Amino acid sequence: MPELPEVETIRGKLEKYLIGHKITGVESHYKNFEGQEDDLVGGRVKGIKRYGKVLAIDLDNGFSVVIHIKLTGQLIYRGPNLKAAPELSKKVIGGVPGKHTQVTFKLDKGDYLYYNDVRRFGWIKIVKTNQVENIPFIRKLGPEPKVAPGPSVQAALTFELFRNILSKTSRPVKIVLMDQEKLSGVGNIYANDALWLAKVNPKTQARQLDSEAARQLYEAIHKVLKEGIKYGGSSELAYVTPDGKEGSYQDHTLAYGREGEPCERCHKAKFVKYFLGGRGTYVCPACQK
DNA sequence: CACTTGACCTGTCCGC
DNA sequence: TGCGGACAGGTCAAGT
């Protein structure tokens, strides 16, 4: 769920709601929070960047808030910028502020940005803006598929790079797609869908893919990520946008979650599910040879 | 080095 | 209605 399309959707909304706003206070009791809350106070939001699945909120005082929401992190904006404050999705368990609010960012003009995280896997770091790209996790990220016009900072995943990445390993191609150090942004849902769209078996050794299969897969990755963005992300689990709404990609998945359903493309088989690398993997046995 | 399993956490859903 | 157990995606650490 929080893969590139979800994080990009959040990025766009934060840009809309937060730019120009000053942080007037930060309250955190979160175990995965690193850095000095006070470094943010007085800074104004000047931009929101994305590195793969990671967000960076840049302030005009030289500091940034870097956030990885992992599985259940939620960034919820509340305040007058929301014309009519929409009802919060019930996926915002406990509401805001609430039982699962880990960090509260108080902004000027009566605004708040809340970080909720039920399972507390996500992390937040306060660092100087010029040090964001030195955070080890971000430094190690591979190039990402360019599917959004927005200012992601990651290098583009060209077809040349993609072929090169595949050629260097015999790991199953699905595992490679989800390896953020090889390419960034793709997680389990979109990996499943891209493989189905490209008619590639997830277990295929990456280096066994010929140029044509690699091309199909390369294009499929871009296509499914764009679809994800178009539908505002997948709210299968805990994902919601900063205005508290759900995305709808979960209603448009190609293969993910479709165990037992007929394959609408070949009509020859039903989707089966198995585990690959510990992750739910959905394939049509007839068209993903 | 490649690959697998367990850990991190809690809510939801499923079966009895 | 209650309860135990499996399961969920993202990443890291430890084990084989």
# chains A, B, ... in the order shown; residues from 1 in each chain; ligands from 1
>>> residues_around(residues="stretch 4-6 of chain B", least_positions_apart="5", cutoff="8 Å", atoms="only C-alpha atoms (C1' of nucleotides)", output="PyMOL selection string")
(chain A and resi 277) or (chain C and resi 15-16)
>>> interface_residues(of="chain C", to="chain A", cutoff="8 Å", atoms="only C-alpha atoms (C1' of nucleotides)", output="compact mmCIF listing (two decimals) with C-alpha atoms (C1' of nucleotides), in the first residue's frame")
# COMPACT_ATOMS: atom_id res chain seq x y z
C1' DA C 8 -1.43 -7.69 6.28
C1' DG C 9 2.60 -4.63 3.33
C1' DG C 10 8.13 -2.24 4.32
>>> atom_distance(atom1="atom CA of A:Glu87", atom2="atom CA of A:Leu4")
25.2 Å
>>> interface_residues(of="chain A", to="chain B", cutoff="7 Å", atoms="only C-alpha atoms (C1' of nucleotides)", output="short mmCIF file (atom, residue, chain, number, x, y, z; two decimals) with C-alpha atoms, in the first residue's frame")
data_model
loop_
_atom_site.label_atom_id
_atom_site.label_comp_id
_atom_site.auth_asym_id
_atom_site.auth_seq_id
_atom_site.Cartn_x
_atom_site.Cartn_y
_atom_site.Cartn_z
CA VAL A 118 -1.01 2.09 14.48
CA ARG A 119 1.83 -0.38 14.17
CA ARG A 120 4.61 2.15 14.75
CA PHE A 121 6.85 0.85 12.01
#
>>> atom_distance(atom1="atom CA of A:Lys270", atom2="atom CA of A:Gly232")
27.6 Å
>>> select_by_dssp(residues="stretch 29-238 of chain A", states="strand (DSSP E)", output="NGL selection string")
:A and (33-34 or 45-51 or 54-59 or 63-68 or 73-78 or 101-107 or 112-117 or 123-128)
>>> residues_around(residues="A:Ile93", least_positions_apart="3", cutoff="10 Å", atoms="only C-alpha atoms (C1' of nucleotides)", output="count of residues only")
13
>>> select_by_dssp(residues="stretch 23-147 of chain A", states="alpha helix (DSSP H)", output="MDAnalysis selection string")
chainID A and resid 136:139
>>> write_last_selection(atoms="N, CA and C atoms", output="PDB file, in the first residue's frame")
ATOM      1  N   PRO A 136      21.381   7.276   5.353  1.00  0.00           N
ATOM      2  CA  PRO A 136      21.771   6.026   4.688  1.00  0.00           C
ATOM      3  C   PRO A 136      20.656   5.390   3.866  1.00  0.00           C
ATOM      4  N   PHE A 137      19.451   5.368   4.414  1.00  0.00           N
ATOM      5  CA  PHE A 137      18.355   4.734   3.682  1.00  0.00           C
ATOM      6  C   PHE A 137      18.138   5.418   2.327  1.00  0.00           C
ATOM      7  N   ILE A 138      18.200   6.733   2.328  1.00  0.00           N
ATOM      8  CA  ILE A 138      17.953   7.482   1.089  1.00  0.00           C
ATOM      9  C   ILE A 138      19.138   7.374   0.143  1.00  0.00           C
ATOM     10  N   ARG A 139      20.336   7.396   0.718  1.00  0.00           N
ATOM     11  CA  ARG A 139      21.530   7.316  -0.129  1.00  0.00           C
ATOM     12  C   ARG A 139      21.580   5.999  -0.908  1.00  0.00           C
TER      13      ARG A 139
END
>>> atom_distance(atom1="atom CA of A:Leu254", atom2="atom CA of A:Trp196")
7.2 Å
>>> closest_residue(among="A:Thr129, A:Val176, A:Gly95, A:Glu181", to="C:DT11", atoms="only C-alpha atoms (C1' of nucleotides)")
A:Glu181
>>> residues_around(residues="A:Leu14", least_positions_apart="5", cutoff="12 Å", atoms="only C-alpha atoms (C1' of nucleotides)", output="JSON, numbers by chain")
{"A": [7, 8, 9, 19, 20, 21, 45, 46, 47, 48, 49, 50, 55, 56, 57, 58, 74, 75, 76, 77, 78, 81, 82, 112, 113, 114, 241, 242, 243, 244]}
>>> residues_around(residues="A:Ser170", least_positions_apart="5", cutoff="7 Å", atoms="only C-alpha atoms (C1' of nucleotides)", output="VMD selection string")
chain A and resid 205 to 207
